[in-house]
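Asker: The structure that follows is given in the form of structure tokens.
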Amino acid sequence: MDRHIVCLQIPAFRIVLARAIDTSLRDRPVAVAPAHTPRALIREISTEALLEGLQPGIPVDLGRLICPGLRVIPPDSSLTQAAHRELQRQVSPFALTWESIRPGSLFLDLTGTTRLFGPPIDTATRISRELAHQQGWPSTIGLAGNKLVSQLAVTTLTKPPQLLSIHAGSEQPFLAPLPTLLLPGLHRVQTSRVLQRLEDLNLRTLGAIASVSLAHLQAVLGTPASLLHDWALGIDPSPVHPPVTQPVIERSLHLDPDDVDDRLLLGRLYRLLEQLCTMLRQQQRMCRYVSLTVRHSDHVEQTAEETLPHSTCWEADLQPALTRLFYRCFPRRVRLIRLTLQVSRLEPPALQLSLFDESESIALPRSHRLSLALDQVRSKFGEQALSWGRTLQ
Amino acid sequence: MTGAQFVHLHVHSNYSPMRGVSPLEELCTAAQRQGSPAMALTDTNGLYGAIRFIELAKQQGLRPILGAELTTDNHRAVLLAKTPDGYANLCRLLSERHGHPSFDFLTSVSCYRNSLIILTDDQAALTAWAAESQQDLYVELTPGPTMHEALLIGRRIGLPFVATNRVYFSGPDGFSTHRLLRAIALNTTLSRLPEEACCTPRQWLMPPALMVSQFPHVPEAVENTVRIAETCYSNWCFGETIFPAFRGLTDKDAFMALKEKTYAGARKRYEVVSRAIRERIEKELAIIRDKHFAHYFLVVEEIVRQAPRTCGRGSVAASIVSYCLKITHVDPIKHNLFFERFLNPGRKDPPDIDIDFPWDERDDILKWVFAQYGERQAAMVANQNSLGFRAAIRETAKVYGMPSREISRMSSHILRQKDVLNFPASPTLEEWRLRLSQTLQLKTPWPEILVQALKAQNHFRHLSMHCGGVVIVPDEIRSYVPVEYTAKRLPVIQWEKDQTEDAGLVKIDILGNRSLAVIRDALAAIAKHMGRTINYEAWDPLEDAATQEAIRCGDTIGCFYIESPATRLLLRKLWTGMPPHRRAVANVFEYLVMVSSLVRPATNAFVEEFIRRAHVGFCPSWHPTLDKALNETHGIMVYQEDVTKVAMALADFSIDDADQLRKVLSKKHKAKQLQDYRVQFFHGAAKNGASPETIEGIWRMILSFAGYSFCKPHSASYAQVSFKSAYLRTHYPAEFIAAVISNQGGFYSTFAYVSEARRMGLAILLPDINESEWAYRGEGERLRIGFMQVKTIPKELGMKVVEERTKAGPYRSFPDFLQRVKPEPAQARALVRAGCFDSIAGELTRPALMWRLYAESDSASSPLPVPDDYSTPQKRTHEIESFGFLLSRHPLTLYRKQIERLQPVPASQMHRFVGQRITMVGLLITEKAAETKQGQAMEFITLEDVTALYDATLFPEIYRRCCHLLSPNRPYMVRGLVESSFGVATLTVFDLQLLELTWGDKRDRSAWHEYIND
């Protein structure tokens, strides 16, 4: 059966999201880059910035030099992840499996859906239209027989919404003039040596690679030669991997004003933990995994995670772990603006019921009973009715 | 000390690195107000501020007691010098503490405790030292939780007690600054600062009565403070000059040796020693003998003898003895240099001889000095680095957790605003903070950061090494001052140059100078290529007409000290507009000496007047009394000694006062002294009939010597090196410019020098594996790029390539090269991309060479492919990546289309458009930021097109609009008005834009990114 793989991409996804919130970013050169150092590299640029001569990967300072009117916004992973989840939700009715490439980009496997939704090209067009209509996200779409060709097809499209379909058998003429720079993964540090060699050997297009014998290519490139040769010929048998998700409970706290005082921050964090534990107890769940993400004033994020020795829903068990996480993910001397606490690997409580009436022996520890009492007080008189001293500002 | 209740014997000043809060002035003033007769300074592990402390304490009528708190990870003790011998022992002990990684606290103190009084509450130390001797050993009692334990220890061992408060700040409000300093030092925030890393809030300079009330149970501890203070030596007298001893000679023998050497040198320098020369030598020798300076001259002469090319800088160039000893190379008689500027019978401070050596020979000279005198006798002078205002803001903001971007933004805002707030009188901290917070609309926590930063500024942070100052003593340096070690294991004393001088230690500055290396290399190349050997010592190019003309035209790029745009512009203004009759008699060297002195900050107002007067040739006097003093410089104060001359002539200063005024001007902390001299000057000048306007004008001229300025001997010495550089540039341009670039570190970038070489008519040849050497090579009319310009090629490889080629002949092919040199693949790649193999590649293109470089020898059976060569833009990119700039062509040629459209005036034709508005293009070569009188920022820039360099001015309005566009080596279109001053055209810019690439050229963007990045 012929495969129909769609590569869907929302160009400059982070900028599209930022523009939805801040209208002053529209119709002007914008770049996404970490804000903590002028040496940071630009991760993403808008079309206007591209026209000004900017490229992703150049330092922010250089970007400002080339384009003095450039607005640089810091990456916001929470916002991007939430939007990406929304994107997955939007495409899920049309594809049995989809695979995330990065936020705002997906592979969809439309193989075998023709009877259900019509020709894949129509389905792809419909997805693109619905994204634009419902979310205001302009997308580009590549449709081909494998992931590589569909992704390369998308890369050649510059102005969304656009769609390019590469029919089976026409892969090689399509690929031949494309620069090797477009091959996925060659920009990574581990593979930059390969890219450098291809440039040195003047193999600057996929056609140039395809025209060299595999033996010669292996002589100069070693192991990656075989894969590159296949790619240059349009061969990519890799499947679309479906996503794997875990249920989580998450609580965030925005700090306004930002702060750097450990005592105060830990107090706020313990309060967050109390809320999370109350929720776990209400839902009759326990967690085995806890992670803390802090966001600094310069928008740098740091995450630390820990697997707990046993599942729990009690503050007394989680507090020492949380303190450790706090110091692990907050070694920098820069103020914090957001704390995000997440627990996962949720399980039902595994309580062994007693055969006999032994209320004395199964009594909960004091700290657990105190937590339950606090839950009751707060449910009756409100969240602020009772607080631990250390959680007060 | 009759009637004294208590004396503070444990006090830290802000010389305790990142611990002590209060400056010495504050502590001394506070102690004096409290009625203390004495105070001990006990900074942590050092005597960093000892000389200043003695001076300030004496000013306040306090008896200064010198000491230190010696600390290690496990032990601590306060050591006070009981006698001068005790001071020497303290210096030795502190030197051991800093010099030995395995410093044994207990043993070392035992070894050096003679004549030292020890106070400590360290149980282990007390037990160990008491077992040896209980003399001068006290148990230190400080109010706090540890006092009781110390009391028990003392009673058990039977030692006397002494009360201290371990002072870190003069008042109770200093604790927050102490915590801030500790947080900065430990790289942490206030909330993470461990309690044990700080002192307690009570450790301030409490008044005696309050201190006494803390020890009702041990009154003897308080009484002992007075007793100890009485015992300690306090009549310190550090002013006596300590000269190095030459080979253990007596003063008489040293003088005889010096005299002999001087006359031998004179016979070589002058051939015939005339009566005038003999009289001058005798006069100088008499002063040298009377002041016992003979050793010093002999030591310096011996150091100078280690290098064939040197340049004596500073006032020493006025000495004929130095000239005869070849310490300097300017004839003081011929150039009318007065010895009194260097030495005179009334001068109390020691002479200061500074010598320049070629930059790459300086380290060897220092090694020689340490080999000759050993670390026992010699050490380097230190720089005491403190927290400047910018650093204080930055570090405080970091402690408060501010992001670095915000810190940079705010600190530059604050620094820009702080000087233009125009307070009528000196503001209080709170007034200053309020005004700045309102002006900049500072948000929390910035006002607090600002206040804390102000308190933290100027705190001593660490030592670094002075750029070249060496101190040599006749016996043991560690008995005069504690010695530490730099990261390169060079010994460095704990004092900076001012305290070193005040302590009587004589400093010899051994400095690096790139131009001496340039001259050396150029002379070697001339000898090699042309067979002409120029004797550096006998070489006198001052009368060479071509060189004089080049200097008059400002064609001096690459020449020592006179290559900056400001100097070249001044030279051109001076000579271009000079009437022929004046030009015929004006001496180029003499004027060059003046120009070298005039190019310094704050002289703008006088430079134009100087040129005007030089053109006219006579000097309308500011005041009749100044006619004689300033006759030589057309009535304008040019040299440092003019300050002395003017103060004496106009305001009746004594020679000592006048010389002191000259010295005070160059010091950092001079406000108070300068104010006193101002009053004296205004009073004296008014008495001599000078009008208030004249006095004000001359005082302004005197103030222009603040910061840095030069004396005539120094300028003459430098001008001679400038002349020699200019001679080489004029007659041997290829050899000269090759030496300039190869030695690096000139005023301009390598790209600018290569452009200049192109304009000088030299052919620029790309590096070649069979032609290039490691450095640039100039020969005839060609400049061959050296391997040093190819990025990522280490010197070892470059030298190996040349060595192998010299030994076994030229490389025949690429494989031949690979086999003989065996470079790393990355290095061979860099050479291929730089085009080094183009001459031996034959049919093979550069990518084909890469195939042969990367292919494993036996892995491919069929012949390797020969792909097409790289495209022109690719080659251009490789060129920029390899060399850092475009070598094969001028970068502006990439903008041919835009330039054709703009039809700019070429820089070489700019002078024809005076008074007209024109359009020009150019690459930005240099920038010099300046400020108007109103404090508005502006900038002088130098640009170049393919024809010449030209200077342009961005006045405040246009600068505000365009400053964000300015970046070195980028191409610009500028529109402006051509203005002429003294016959020299400059451009006053009205509009400045980046020269944009067309869409067709966009593919070259990546090359430009690399280019700009570089």
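Chain lettering (A, B, ...) mirrors the order of the structure tokens, residue numbering begins at 1 for each chain separately, and ligand numbering begins at 1 in order of display.
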Would you mind listing, for every residue of chain B within 7 Å of chain A, the two atoms forming the shortest contact and the distance between them in Å to one decimal, using only C-alpha atoms, sorted by chain and ascending residue number, as a Markdown table?
Answerer:
| residue | atom | partner | partner_atom | distance |
| --- | --- | --- | --- | --- |
| B:Thr188 | CA | A:Arg333 | CA | 6.8 |
| B:Thr189 | CA | A:Arg333 | CA | 6.7 |
| B:Ser191 | CA | A:Asp261 | CA | 5.5 |
| B:Lys398 | CA | A:Arg333 | CA | 6.5 |
| B:Val399 | CA | A:Arg333 | CA | 7.0 |
| B:Tyr400 | CA | A:Val260 | CA | 7.0 |
| B:Gly401 | CA | A:Val334 | CA | 4.1 |
| B:Met402 | CA | A:Val334 | CA | 5.5 |
| B:Pro403 | CA | A:Val334 | CA | 5.6 |
| B:Ser404 | CA | A:His36 | CA | 6.3 |
| B:Arg405 | CA | A:His36 | CA | 6.2 |
| B:Pro847 | CA | A:Leu201 | CA | 4.9 |
| B:Met850 | CA | A:Leu201 | CA | 5.9 |
| B:Trp851 | CA | A:Leu201 | CA | 6.0 |
| B:Tyr854 | CA | A:Val220 | CA | 5.1 |
| B:Ala855 | CA | A:Val220 | CA | 4.5 |
| B:Glu856 | CA | A:Ala219 | CA | 5.7 |
| B:Ser859 | CA | A:Ala219 | CA | 5.5 |
| B:Ala860 | CA | A:His216 | CA | 5.8 |
| B:Tyr870 | CA | A:Asn202 | CA | 6.8 |
| B:Leu965 | CA | A:Leu65 | CA | 6.7 |
Asker: Based on DSSP run over this structure's backbone, return all residues of region 745-921 of chain B in strand (DSSP E), as a PyMOL selection string.
Answerer: chain B and resi 763-765+777-779+782-784+917-921
Asker: Write the residues of the preceding selection, restricted to N, CA and C atoms, as a PDB file, in the first residue's frame.
Answerer:
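Output below, filename result05.pdb:
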ATOM      1  N   ALA B 763      51.704  45.252  -3.690  1.00  0.00           N
ATOM      2  CA  ALA B 763      50.854  44.149  -4.166  1.00  0.00           C
ATOM      3  C   ALA B 763      50.628  43.201  -2.988  1.00  0.00           C
ATOM      4  N   ILE B 764      49.354  42.875  -2.733  1.00  0.00           N
ATOM      5  CA  ILE B 764      49.034  41.979  -1.606  1.00  0.00           C
ATOM      6  C   ILE B 764      48.973  40.557  -2.156  1.00  0.00           C
ATOM      7  N   LEU B 765      49.836  39.692  -1.677  1.00  0.00           N
ATOM      8  CA  LEU B 765      49.891  38.312  -2.170  1.00  0.00           C
ATOM      9  C   LEU B 765      49.327  37.375  -1.114  1.00  0.00           C
ATOM     10  N   ARG B 777      55.598  38.943   5.168  1.00  0.00           N
ATOM     11  CA  ARG B 777      56.911  39.264   4.622  1.00  0.00           C
ATOM     12  C   ARG B 777      56.775  40.372   3.589  1.00  0.00           C
ATOM     13  N   GLY B 778      57.531  41.419   3.769  1.00  0.00           N
ATOM     14  CA  GLY B 778      57.530  42.508   2.798  1.00  0.00           C
ATOM     15  C   GLY B 778      58.837  42.505   2.049  1.00  0.00           C
ATOM     16  N   GLU B 779      58.745  42.609   0.768  1.00  0.00           N
ATOM     17  CA  GLU B 779      59.962  42.605  -0.034  1.00  0.00           C
ATOM     18  C   GLU B 779      59.706  43.451  -1.270  1.00  0.00           C
ATOM     19  N   ARG B 782      56.074  44.098  -2.705  1.00  0.00           N
ATOM     20  CA  ARG B 782      55.106  43.029  -2.449  1.00  0.00           C
ATOM     21  C   ARG B 782      54.983  42.737  -0.960  1.00  0.00           C
ATOM     22  N   LEU B 783      53.764  42.439  -0.591  1.00  0.00           N
ATOM     23  CA  LEU B 783      53.514  42.060   0.807  1.00  0.00           C
ATOM     24  C   LEU B 783      52.894  40.669   0.786  1.00  0.00           C
ATOM     25  N   ARG B 784      53.632  39.687   1.269  1.00  0.00           N
ATOM     26  CA  ARG B 784      53.142  38.301   1.267  1.00  0.00           C
ATOM     27  C   ARG B 784      52.528  37.994   2.626  1.00  0.00           C
ATOM     28  N   ARG B 917      27.912  70.156   0.186  1.00  0.00           N
ATOM     29  CA  ARG B 917      27.327  68.934   0.740  1.00  0.00           C
ATOM     30  C   ARG B 917      27.582  67.807  -0.247  1.00  0.00           C
ATOM     31  N   ILE B 918      28.160  66.734   0.203  1.00  0.00           N
ATOM     32  CA  ILE B 918      28.477  65.636  -0.717  1.00  0.00           C
ATOM     33  C   ILE B 918      28.069  64.297  -0.112  1.00  0.00           C
ATOM     34  N   THR B 919      28.074  63.288  -0.972  1.00  0.00           N
ATOM     35  CA  THR B 919      27.815  61.918  -0.530  1.00  0.00           C
ATOM     36  C   THR B 919      29.111  61.125  -0.666  1.00  0.00           C
ATOM     37  N   MET B 920      29.419  60.344   0.358  1.00  0.00           N
ATOM     38  CA  MET B 920      30.621  59.507   0.294  1.00  0.00           C
ATOM     39  C   MET B 920      30.279  58.103   0.786  1.00  0.00           C
ATOM     40  N   VAL B 921      31.123  57.148   0.474  1.00  0.00           N
ATOM     41  CA  VAL B 921      30.941  55.805   1.036  1.00  0.00           C
ATOM     42  C   VAL B 921      32.233  55.430   1.749  1.00  0.00           C
TER      43      VAL B 921
END
Asker: Rounded to one decimal in Å, what is the spacing between CA of Gln283 (chain A) and CA of Ala82 (chain A)?
Answerer: 23.2 Å
Asker: Taking the backbone alone, and naming residues the way the document does, which bits of region 231-380 of chain A are helix (DSSP H, G or I) by DSSP, as a PyMOL selection string?
Answerer: chain A and resi 231-232+262-282+315-329+366-380
Asker: Write out as a PyMOL selection string each polymer residue whose atoms come within 9 Å of Glu250 (chain A), counting only C-alpha atoms; drop sequence neighbours fewer than 4 positions from it.
Answerer: chain A and resi 276+340-344
Asker: As number ranges by chain, please: the residues near Ser387 (chain A) (cut-off 9 Å, only C-alpha atoms, same-chain neighbours under 5 positions excluded).
Answerer: A: 271, 374, 392
Asker: Which polymer residues have any atom within 7 Å of an atom of Leu325 (chain A), counting only C-alpha atoms, with same-chain residues fewer than 3 positions away left out, as a list of chain:residue names?
Answerer: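 In the requested form, the answer reads A:Leu292, A:Ala304, A:Glu305, A:Ala321, A:Leu322, A:Arg328, A:Cys329.
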Asker: Restricting the calculation to only C-alpha atoms, which member of A:Leu152, A:Leu227, A:Val32, A:Ala144 is positioned closest to Leu70 (chain A)?
Answerer: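 Between A:Leu152, A:Leu227, A:Val32, A:Ala144, the residue approaching Leu70 (chain A) most closely is A:Val32.
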Asker: Quick check, in Å to one decimal: how far apart do CA of Glu900 (chain B) and CA of Glu881 (chain B) lie?
Answerer: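 Computing it gives 28.0 Å between the two atoms.
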Asker: For Arg285 (chain A), find every residue with an atom within 8 Å (counting only C-alpha atoms), except residues of its own chain fewer than 6 positions away, and show them as a list in words.
Answerer: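 Here the qualifying residues turn out to be Cys313, Leu346, Glu347, Pro348 and Pro349 of chain A.
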Asker: I want to know what sits within 12 Å of Gln135 (chain A), based on only C-alpha atoms, with residues of the same chain fewer than 2 positions away left out; could you give that as a PyMOL selection string?
Answerer: chain A and resi 10+16-17+20+83-84+86-87+89-90+127-133+137-139
Asker: As an exercise, work out the distance from CA of Thr625 (chain B) to CA of Glu641 (chain B) in Å and give it to one decimal place.
Answerer: 16.1 Å
